[in-house]
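Engineer: As input, take coords19.txt (compact mmCIF, C-alpha atoms):
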# COMPACT_ATOMS: atom_id res chain seq x y z
CA MET O 185 0.00 0.00 0.00
CA ARG O 186 2.80 2.40 0.86
CA GLY O 187 4.61 1.60 -2.43
CA LEU O 188 1.46 2.42 -4.41
CA PHE O 189 1.19 5.75 -2.60
CA TRP O 190 4.76 6.71 -3.54
CA VAL O 191 4.21 5.76 -7.20
CA LEU O 192 1.13 7.95 -7.35
CA ALA O 193 3.00 10.78 -5.61
CA LEU O 194 5.86 10.59 -8.17
CA PHE O 195 3.43 10.63 -11.07
CA ALA O 196 1.68 13.65 -9.58
CA LEU O 197 5.01 15.45 -9.16
CA ALA O 198 5.98 14.67 -12.79
CA VAL O 199 2.68 16.03 -14.05
CA ALA O 200 3.10 19.19 -11.96
CA VAL O 201 6.64 19.77 -13.27
CA ALA O 202 5.52 19.22 -16.89
CA LEU O 203 2.63 21.65 -16.55
CA GLY O 204 4.84 24.23 -14.81
CA ALA O 205 7.46 23.97 -17.57
CA SER O 206 4.88 24.34 -20.36
CA LEU O 207 3.46 27.50 -18.81
CA ASN O 208 6.88 29.05 -18.14
CA ASP O 209 8.10 31.23 -21.04
CA GLY O 210 11.00 32.80 -19.16
CA TYR O 211 14.62 32.77 -20.38
CA VAL O 212 18.05 33.54 -19.01
CA LEU O 213 20.67 35.77 -20.69
CA ILE O 214 24.29 35.03 -19.86
CA VAL O 215 26.80 37.68 -21.04
CA LEU O 216 30.53 36.92 -21.01
CA HIS O 217 32.24 39.47 -23.28
CA PRO O 218 32.46 39.04 -26.18
CA TRP O 219 29.89 36.13 -25.94
CA ARG O 220 26.17 36.18 -25.18
CA LEU O 221 24.19 33.10 -24.31
CA GLU O 222 20.43 33.01 -24.14
CA ILE O 223 18.74 29.85 -22.78
CA SER O 224 15.30 29.01 -21.48
CA LEU O 225 14.68 29.06 -17.77
CA ASN O 226 13.40 25.47 -17.83
CA PHE O 227 16.63 24.23 -19.46
CA LEU O 228 18.72 26.13 -16.88
CA VAL O 229 16.81 24.57 -13.98
CA LEU O 230 17.18 21.10 -15.50
CA GLY O 231 20.90 21.69 -16.07
CA LEU O 232 21.44 22.83 -12.49
CA VAL O 233 19.62 19.76 -11.18
CA LEU O 234 21.72 17.46 -13.38
CA LEU O 235 24.89 19.28 -12.34
CA PHE O 236 24.00 18.82 -8.65
CA ILE O 237 23.35 15.15 -9.19
CA ALA O 238 26.66 14.68 -10.99
CA PHE O 239 28.57 16.58 -8.31
CA HIS O 240 26.92 14.51 -5.59
CA ALA O 241 27.81 11.29 -7.45
CA ILE O 242 31.45 12.38 -7.80
CA LEU O 243 31.68 13.21 -4.09
CA ARG O 244 30.03 9.90 -3.19
CA ALA O 245 32.44 7.94 -5.37
CA TRP O 246 35.38 9.79 -3.85
CA SER O 247 34.14 9.04 -0.33
CA LEU O 248 33.65 5.36 -1.14
CA THR O 249 37.09 5.13 -2.70
CA MET O 250 38.87 6.80 0.21
CA GLY O 251 36.91 4.78 2.81
CA MET O 252 37.66 1.44 1.23
CA PRO O 253 40.55 0.48 3.58
CA ARG O 254 38.48 1.32 6.65
CA ARG O 255 35.53 -0.70 5.39
CA VAL O 256 37.79 -3.64 4.60
CA GLN O 257 39.17 -3.54 8.16
CA GLU O 258 35.66 -3.37 9.61
CA TYR O 259 34.60 -6.28 7.43
CA ARG O 260 37.56 -8.34 8.56
CA ARG O 261 36.88 -7.53 12.22
CA ARG O 262 33.23 -8.44 11.81
CA ARG O 263 34.14 -11.72 10.16
CA GLN O 264 36.64 -12.42 12.92
CA ARG O 265 34.01 -11.74 15.58
CA GLU O 266 31.56 -14.04 13.85
CA LYS O 267 34.20 -16.75 13.53
CA SER O 268 35.30 -16.37 17.17
CA GLY O 269 31.67 -16.64 18.24
CA VAL O 270 31.36 -19.94 16.38
CA VAL O 271 34.64 -21.14 17.91
CA PHE O 272 33.42 -20.23 21.42
CA GLN O 273 30.16 -22.12 20.88
CA GLU O 274 32.12 -25.14 19.68
CA ALA O 275 34.29 -25.00 22.80
CA VAL O 276 31.18 -25.12 25.01
CA ARG O 277 29.67 -27.93 22.95
CA PHE O 278 32.85 -30.01 22.99
CA LEU O 279 33.12 -29.57 26.78
CA PHE O 280 29.62 -30.93 27.34
CA GLU O 281 30.23 -33.72 24.85
CA GLY O 282 33.28 -34.79 26.83
CA ARG O 283 35.68 -34.05 23.95
CA TYR O 284 38.05 -32.20 26.22
CA GLY O 285 41.02 -31.97 23.85
CA GLN O 286 38.90 -30.21 21.22
CA ALA O 287 37.26 -28.06 23.90
CA LEU O 288 40.69 -26.93 25.14
CA LYS O 289 41.83 -26.09 21.61
CA ARG O 290 38.68 -24.12 20.72
CA ALA O 291 38.66 -22.29 24.04
CA GLY O 292 42.26 -21.24 23.47
CA GLU O 293 41.34 -19.90 20.02
CA ALA O 294 38.37 -17.98 21.42
CA TYR O 295 40.57 -16.52 24.15
CA ALA O 296 43.18 -15.41 21.60
CA ALA O 297 40.44 -13.82 19.48
CA GLY O 298 39.15 -11.89 22.52
CA ARG O 299 35.76 -13.61 22.48
CA ALA O 300 34.56 -13.64 26.13
CA PRO O 301 38.15 -14.27 27.26
CA GLY O 302 37.24 -14.85 30.91
CA LEU O 303 34.67 -17.53 30.12
CA ALA O 304 36.90 -19.05 27.44
CA ALA O 305 39.69 -19.37 30.02
CA LEU O 306 37.30 -21.10 32.45
CA ILE O 307 36.27 -23.59 29.74
CA ALA O 308 39.92 -24.25 28.97
CA ALA O 309 40.70 -24.75 32.68
CA ARG O 310 37.89 -27.29 33.07
CA ALA O 311 38.96 -29.13 29.90
CA ALA O 312 42.59 -29.23 31.07
CA GLN O 313 41.50 -30.60 34.43
CA ARG O 314 39.48 -33.35 32.72
CA LEU O 315 42.52 -34.19 30.62
CA GLY O 316 44.67 -34.52 33.74
CA GLU O 317 46.95 -31.60 32.94
CA PRO O 318 47.26 -29.67 36.24
CA SER O 319 49.86 -27.18 34.98
CA ARG O 320 47.69 -26.04 32.07
CA GLN O 321 44.66 -26.06 34.33
CA GLN O 322 46.35 -23.68 36.75
CA GLU O 323 47.63 -21.53 33.89
CA TRP O 324 44.14 -21.05 32.49
CA LEU O 325 42.70 -20.35 35.94
CA GLU O 326 45.24 -17.57 36.39
CA LYS O 327 44.29 -16.14 33.00
CA ALA O 328 40.62 -16.24 33.98
CA LYS O 329 41.36 -14.33 37.18
CA GLN O 330 43.19 -11.63 35.21
CA GLN O 331 40.16 -10.90 33.03
CA ASP O 332 36.99 -8.99 33.90
CA ALA O 333 36.39 -8.80 37.66
CA ARG O 334 32.80 -9.87 37.04
CA ASN O 335 34.11 -13.34 36.19
CA GLU O 336 35.81 -13.80 39.56
CA PRO O 337 32.83 -15.49 41.31
CA ALA O 338 32.54 -17.96 38.42
CA THR O 339 36.29 -18.59 38.62
CA LEU O 340 36.12 -19.28 42.35
CA MET O 341 33.14 -21.61 41.94
CA LEU O 342 34.89 -23.64 39.25
CA GLU O 343 38.11 -23.70 41.26
CA ALA O 344 36.31 -24.98 44.38
CA GLU O 345 34.50 -27.65 42.39
CA MET O 346 37.71 -28.87 40.76
CA LEU O 347 39.55 -28.88 44.10
CA ASN O 348 36.77 -31.04 45.53
CA GLU O 349 37.19 -33.50 42.68
CA GLU O 350 40.92 -33.62 43.43
CA ARG O 351 40.13 -34.24 47.13
CA ARG O 352 41.84 -31.01 48.15
CA PHE O 353 38.97 -30.17 50.45
CA ALA O 354 40.69 -27.58 52.65
CA GLU O 355 41.71 -25.56 49.59
CA ALA O 356 38.16 -25.84 48.23
CA LEU O 357 36.80 -24.36 51.46
CA ALA O 358 39.32 -21.51 51.20
CA ALA O 359 38.12 -20.72 47.68
CA LEU O 360 34.50 -20.80 48.87
CA ALA O 361 35.38 -18.43 51.72
CA ARG O 362 36.75 -15.94 49.17
CA LEU O 363 33.60 -16.40 47.12
CA GLN O 364 31.40 -15.75 50.15
CA GLY O 365 33.17 -12.43 50.72
CA LYS O 366 32.24 -11.33 47.20
CA LEU O 367 28.93 -12.97 46.40
CA GLY O 368 27.50 -14.34 49.65
CA ARG O 369 26.30 -17.93 50.10
CA HIS O 370 24.00 -19.38 47.47
CA ILE O 371 22.68 -22.90 46.97
CA ALA O 372 25.28 -24.12 44.48
CA ALA O 373 28.12 -22.91 46.72
CA LEU O 374 26.51 -24.59 49.75
CA ARG O 375 26.38 -27.90 47.87
CA ILE O 376 30.07 -27.67 47.00
CA GLU O 377 30.87 -26.77 50.62
CA LEU O 378 28.83 -29.76 51.80
CA ARG O 379 30.99 -32.08 49.70
CA ALA O 380 34.18 -30.47 51.02
CA ARG O 381 33.12 -30.81 54.65
CA GLN O 382 32.20 -34.44 54.08
CA GLY O 383 35.65 -35.03 52.71
CA LEU O 384 37.28 -33.39 55.73
CA GLY O 385 35.08 -35.30 58.17
CA ASP O 386 33.61 -32.06 59.58
CA TRP O 387 30.31 -33.69 60.45
CA ASP O 388 29.05 -30.81 62.58
CA GLY O 389 29.53 -28.56 59.57
CA VAL O 390 27.77 -31.12 57.38
CA LEU O 391 24.74 -31.13 59.67
CA LYS O 392 24.59 -27.33 59.69
CA LEU O 393 24.70 -27.19 55.89
CA LEU O 394 22.12 -29.95 55.53
CA ARG O 395 19.65 -28.00 57.66
CA GLN O 396 20.22 -24.87 55.58
CA LEU O 397 19.75 -26.74 52.31
CA ALA O 398 16.68 -28.57 53.62
CA LYS O 399 15.02 -25.24 54.48
CA ARG O 400 15.51 -24.13 50.88
CA ASP O 401 14.38 -27.50 49.41
CA ALA O 402 17.76 -27.65 47.69
CA LEU O 403 18.31 -31.38 48.25
CA PRO O 404 15.98 -34.39 48.02
CA ALA O 405 14.61 -35.43 51.40
CA GLU O 406 16.17 -38.90 51.01
CA THR O 407 19.61 -37.39 50.48
CA VAL O 408 19.25 -35.10 53.50
CA HIS O 409 18.16 -38.04 55.66
CA THR O 410 20.99 -40.32 54.47
CA LEU O 411 23.70 -37.71 55.00
CA ALA O 412 22.28 -36.63 58.38
CA VAL O 413 22.31 -40.25 59.59
CA LYS O 414 25.90 -40.66 58.36
CA ALA O 415 26.97 -37.48 60.15
CA HIS O 416 25.29 -38.46 63.41
CA LEU O 417 26.79 -41.95 63.30
CA ALA O 418 30.26 -40.49 62.79
CA ASN O 419 29.80 -38.10 65.73
CA ILE O 420 28.51 -40.94 67.92
CA VAL O 421 31.60 -43.01 67.11
CA ARG O 422 33.75 -40.03 68.04
CA CYS O 423 32.05 -39.76 71.45
CA ALA O 424 31.72 -43.51 72.04
CA ASP O 425 34.34 -43.68 74.80
CA ASP O 426 32.80 -40.84 76.82
CA SER O 427 29.25 -41.44 78.02
CA THR O 428 28.95 -37.85 79.26
CA ALA O 429 29.96 -36.40 75.89
CA LEU O 430 27.70 -38.86 74.08
CA THR O 431 24.73 -37.97 76.28
CA ALA O 432 25.37 -34.26 75.76
CA TYR O 433 25.59 -34.75 72.01
CA LEU O 434 22.33 -36.69 71.86
CA ARG O 435 20.55 -33.76 73.53
CA THR O 436 21.52 -31.60 70.54
CA VAL O 437 20.02 -34.02 67.98
CA PRO O 438 16.55 -32.84 66.88
CA ALA O 439 13.73 -35.36 67.19
CA ALA O 440 13.25 -35.38 63.40
CA GLU O 441 16.83 -36.63 62.95
CA ARG O 442 16.64 -39.42 65.57
CA SER O 443 16.24 -42.26 63.14
CA ALA O 444 16.40 -45.92 64.16
CA ASP O 445 20.01 -46.18 62.98
CA VAL O 446 21.07 -43.17 65.07
CA VAL O 447 19.28 -44.39 68.18
CA LEU O 448 20.68 -47.89 67.69
CA ALA O 449 24.28 -46.65 67.44
CA ALA O 450 23.81 -44.30 70.40
CA SER O 451 22.26 -47.06 72.51
CA ARG O 452 25.13 -49.40 71.75
CA GLY O 453 27.63 -46.71 72.68
CA LEU O 454 25.85 -45.88 75.94
CA ALA O 455 25.52 -49.55 76.87
CA LEU O 456 29.20 -50.19 76.22
CA ALA O 457 30.11 -47.12 78.27
CA GLY O 458 28.02 -48.38 81.18
CA ALA O 459 25.37 -45.63 80.90
CA ASP O 460 22.48 -48.11 81.06
CA GLY O 461 20.00 -45.54 82.37
CA GLU O 462 20.57 -43.20 79.42
CA ALA O 463 20.40 -46.13 76.99
CA GLN O 464 17.13 -47.25 78.56
CA LYS O 465 15.53 -43.80 78.14
CA LEU O 466 16.69 -43.57 74.56
CA ILE O 467 15.39 -47.01 73.57
CA GLU O 468 12.09 -46.61 75.38
CA GLY O 469 11.50 -43.24 73.72
CA MET O 470 12.02 -44.83 70.32
CA LEU O 471 10.11 -48.10 70.83
CA ASP O 472 7.11 -46.54 72.58
CA HIS O 473 6.15 -44.82 69.33
CA GLY O 474 8.19 -46.88 66.87
CA ASP O 475 6.91 -48.11 63.54
CA ASP O 476 7.67 -51.42 61.86
CA GLU O 477 11.04 -50.21 60.61
CA VAL O 478 12.17 -49.44 64.17
CA TRP O 479 10.99 -52.80 65.44
CA GLN O 480 13.02 -54.63 62.83
CA SER O 481 16.19 -53.26 64.38
CA ASP O 482 18.34 -54.55 67.23
CA LEU O 483 17.01 -52.08 69.79
CA ALA O 484 15.03 -54.72 71.65
CA ALA O 485 18.11 -56.95 71.86
CA ILE O 486 20.17 -54.13 73.41
CA TYR O 487 17.32 -53.36 75.80
CA GLY O 488 17.35 -56.96 76.97
CA ARG O 489 21.10 -56.83 77.72
CA LEU O 490 20.98 -53.72 79.95
CA SER O 491 22.06 -54.88 83.39
CA GLY O 492 21.96 -51.81 85.63
CA GLY O 493 18.87 -50.07 86.97
CA ASP O 494 15.41 -51.43 87.71
CA GLN O 495 15.02 -54.68 85.80
CA MET O 496 11.39 -55.20 86.83
CA SER O 497 10.30 -51.87 85.33
CA ARG O 498 12.04 -52.83 82.11
CA ILE O 499 10.27 -56.19 82.08
CA ALA O 500 6.93 -54.45 82.59
CA ARG O 501 7.64 -51.99 79.76
CA ALA O 502 8.71 -54.81 77.42
CA GLU O 503 5.55 -56.77 78.21
CA GLU O 504 3.49 -53.72 77.20
CA TRP O 505 5.30 -53.71 73.86
CA LEU O 506 4.71 -57.46 73.54
CA ARG O 507 0.95 -56.96 73.74
CA ARG O 508 1.21 -54.84 70.57
CA ARG O 509 3.69 -57.18 68.86
CA PRO O 510 3.13 -60.68 70.27
CA ASP O 511 5.16 -62.41 67.53
CA HIS O 512 8.31 -60.31 67.69
CA ALA O 513 11.17 -62.80 68.17
CA GLY O 514 13.70 -60.19 69.28
CA LEU O 515 11.40 -58.78 71.95
CA LEU O 516 10.58 -62.28 73.25
CA LEU O 517 14.33 -63.02 73.43
CA ALA O 518 14.96 -59.77 75.32
CA LEU O 519 12.21 -60.62 77.84
CA GLY O 520 13.68 -64.08 78.33
CA ARG O 521 17.10 -62.58 79.12
CA MET O 522 15.69 -60.04 81.55
CA CYS O 523 13.57 -62.66 83.34
CA ALA O 524 16.55 -65.01 83.60
CA ARG O 525 18.60 -62.18 85.11
CA GLN O 526 15.87 -61.73 87.74
CA ARG O 527 15.76 -65.52 88.30
CA LEU O 528 12.20 -65.74 86.98
CA TRP O 529 13.03 -69.12 85.51
CA GLY O 530 9.59 -70.15 84.34
CA LYS O 531 8.87 -66.88 82.55
CA ALA O 532 12.36 -66.84 81.11
CA GLN O 533 11.97 -70.32 79.65
CA SER O 534 8.50 -69.50 78.31
CA TYR O 535 9.68 -66.32 76.55
CA LEU O 536 12.81 -67.97 75.13
CA GLU O 537 10.90 -70.96 73.78
CA ALA O 538 8.31 -68.58 72.26
CA SER O 539 11.13 -66.64 70.58
CA LEU O 540 12.50 -69.85 69.05
CA SER O 541 9.05 -70.84 67.83
CA VAL O 542 8.79 -67.54 65.92
CA GLU O 543 12.37 -67.51 64.63
CA GLU O 544 15.05 -70.06 65.42
CA THR O 545 18.27 -68.22 66.28
CA GLN O 546 21.62 -69.14 67.73
CA ALA O 547 21.13 -66.57 70.50
CA GLY O 548 17.84 -68.16 71.56
CA HIS O 549 19.41 -71.63 71.81
CA LEU O 550 22.38 -70.27 73.79
CA GLU O 551 20.10 -68.52 76.28
CA LEU O 552 18.09 -71.71 76.81
CA ALA O 553 21.31 -73.69 77.16
CA ARG O 554 22.55 -71.29 79.86
CA LEU O 555 19.16 -71.50 81.54
CA GLY O 556 19.42 -75.30 81.52
CA ASP O 557 22.88 -75.05 83.17
CA GLN O 558 21.52 -72.80 85.89
CA LEU O 559 18.60 -75.15 86.51
CA GLU O 560 20.90 -78.21 86.28
CA ARG O 561 18.97 -79.61 83.33
CA VAL O 562 21.98 -81.13 81.64
CA ASP O 563 20.13 -82.85 78.80
CA ASP O 564 18.20 -79.71 77.84
CA ALA O 565 21.35 -77.61 78.06
CA ASN O 566 23.33 -80.01 75.85
CA ARG O 567 20.52 -80.19 73.31
CA HIS O 568 20.40 -76.42 72.96
CA TYR O 569 24.20 -76.16 72.83
CA ARG O 570 24.19 -78.62 69.94
CA ALA O 571 21.42 -76.66 68.22
CA ALA O 572 23.38 -73.44 68.71
CA VAL O 573 26.41 -74.69 66.79
CA MET O 574 24.25 -75.86 63.87
CA PRO O 575 23.76 -73.37 60.98
CA ALA O 576 21.20 -70.85 62.13
CA ASN O 577 20.28 -67.24 61.82
CA ASP O 578 22.71 -64.59 63.14
CA GLU O 579 22.14 -63.27 66.62
CA LYS O 580 19.79 -60.35 66.94
Could the structure of this file be written out as structure tokens, please?
Structural biologist:
Amino acid sequence: MRGLFWVLALFALAVAVALGASLNDGYVLIVLHPWRLEISLNFLVLGLVLLFIAFHAILRAWSLTMGMPRRVQEYRRRRQREKSGVVFQEAVRFLFEGRYGQALKRAGEAYAAGRAPGLAALIAARAAQRLGEPSRQQEWLEKAKQQDARNEPATLMLEAEMLNEERRFAEALAALARLQGKLGRHIAALRIELRARQGLGDWDGVLKLLRQLAKRDALPAETVHTLAVKAHLANIVRCADDSTALTAYLRTVPAAERSADVVLAASRGLALAGADGEAQKLIEGMLDHGDDEVWQSDLAAIYGRLSGGDQMSRIARAEEWLRRRPDHAGLLLALGRMCARQRLWGKAQSYLEASLSVEETQAGHLELARLGDQLERVDDANRHYRAAVMPANDEK
């Protein structure tokens, strides 16, 4: 539509010029002694217009001719930028494809061409690290640090990640500390720090980071649970020889993190350290509200071995649990041990035989054999000793 408008406008202008020229009878007299020149006004106007056009064309041609070197340089620079952009993209693609030699080569070319030199140096550093060339890796990292200051956080992140992969965890934490001073703590940095603290065995730091990441939904719940259990187990082992320290540590463990594995390890440690009262509280707190997963553990067996404190109250508590789980072999075995310790021979025998009827175990036969020795039932004791040395299930 716009093109049609301009065509009509040009035709209208041509018609107006033609009409104006036909109605114009003027002339121009040019005197240059001894010559006189008389021409029509229309011809003079046309000549001036043509002269202007020719002069403009000459100037334009002169400008194009003189600007040729500059335009050639601009063309070459533009082509070089386009080529360096393609080379940079290839470096990124080769890095993700795992073709690290090609990635290193293309990143070096992009760096030399000045195409995002900081990022190109980071790509080259990662490729060199994958190729197992630490000297070139460090060289490219230094080049990355010398580029735009805006690339420094990315450089520190990559450096920390690579140090983690090389198991240089202390150096990785140092790089993350420098990053924190510039950019603060974000989720990706916290994940890298979590790996570094695991590597150093800083389990208190691991627990702190896990809680921060869990609040931000930055890790799957299963991963948080697994790592938290691992951290707690490591701390329990560290405190295993000191019942006071172990008790104090358990008070700092939130209820949500007191899984069956954690309570089991803590109960074992307390029992071995002679803190039977603390072990009793811990096990009772877990088994009173425990689900099936908890009851499949060895907590009941440890409970049955606790020797100090009020045995009768423990027997009463275990019998309450038995009413909810009448066929639990481990609980029946624990009750048999506790009753035997209190010389309640009949109940002990009944519980132990019930345990064997649910699940035949070496521990159950040994307890009945010892009970037979105490009651001077030699034949029964020998029979259960023989059964105990036969292939059977492991002791609970």
Engineer: Give the centre and edge lengths of an axis-aligned box, in Å to one decimal, that holds all listed atoms of stretch 539-554 of chain O with 3 Å on each side, as JSON.
Structural biologist:
{"center_x": 15.7, "center_y": -70.1, "center_z": 72.2, "size_x": 19.8, "size_y": 13.1, "size_z": 21.2}
Engineer: List the neighbours of stretch 210-215 of chain O out to 6 Å using only C-alpha atoms; skip same-chain residues closer than 6 positions along the sequence, and give me the result as a ChimeraX atom specification.
Structural biologist: /O:221-225
Engineer: Between atom CA of O:Trp324 and atom CA of O:Arg351, measure the distance and give it in Å to one decimal.
Structural biologist: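 One can read the atom CA of O:Trp324 to atom CA of O:Arg351 distance as 20.1 Å.
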Engineer: Any idea what's packed within 12 Å of O:Ser534, counting all atoms listed in the file, ignoring anything in its chain fewer than 5 positions away? Could you give it as a ChimeraX atom specification?
Structural biologist: /O:516-517,519-521,523-524,528-529,539-541,548,551-552,555
Engineer: Nearest to O:Gly383 among O:Gln273, O:Asn348, O:Gln321, O:Gln533, with distances taken over only C-alpha atoms: which residue is it?
Structural biologist: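 Closest residue, counting only C-alpha atoms: O:Asn348.
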Engineer: Pull the neighbourhood of (12.3, -58.0, 73.4) for me: all residues within 9 Å in file coordinates, counting all atoms listed in the file, as a PyMOL selection string.
Structural biologist: chain O and resi 483-488+502-503+505-506+512-521
Engineer: When you draw a straight line from atom CA of O:Gly316 to atom CA of O:Pro301, how long is it in Å?
Structural biologist: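 Going from atom CA of O:Gly316 over to atom CA of O:Pro301, I get 22.2 Å.
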Engineer: Please determine, counting all atoms listed in the file, which residue among O:Arg352, O:Arg395, O:Arg314, O:His549 has the shortest atom-to-atom distance to O:Arg570.
Structural biologist: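 Going through O:Arg352, O:Arg395, O:Arg314, O:His549 one by one, the smallest distance to O:Arg570 is for O:His549.
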Engineer: If we count all atoms listed in the file and set the cut-off at 6 Å, which residues sit around O:Asp460, ignoring sequence neighbours fewer than 3 positions away in its own chain? Please answer as a list in words.
Structural biologist: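 Once the adjacent positions are removed, what remains is Ala455, Ala463, Gln464, Leu490 and Gly492 of chain O.
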Engineer: Would you list the contacts of O:Ala359 as a list in words, taking every protein, DNA or RNA residue within 12 Å and counting all atoms listed in the file, but skipping same-chain residues closer than 2 positions in sequence?
Structural biologist: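 Near O:Ala359, the qualifying residues are Glu336, Pro337, Ala338, Thr339, Leu340, Met341, Leu342, Glu343, Ala344, Glu345, Met346, Leu347, Asn348, Arg352, Phe353, Ala354, Glu355, Ala356, Leu357, Ala361, Arg362, Leu363, Gln364, Gly365, Lys366, Ala373, Ile376, Glu377 and Ala380 of chain O.
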Engineer: What lies within 9 Å of stretch 399-413 of chain O using only C-alpha atoms, ignoring chain neighbours under 3 positions off, as an NGL selection string?
Structural biologist: :O and (371-372 or 375 or 387 or 390-391 or 394-396 or 416-418 or 441-443 or 445-446)
Engineer: Any idea what the distance is between atom CA of O:Asp564 and atom CA of O:Gln526?
Structural biologist: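 It comes out at 20.7 Å.
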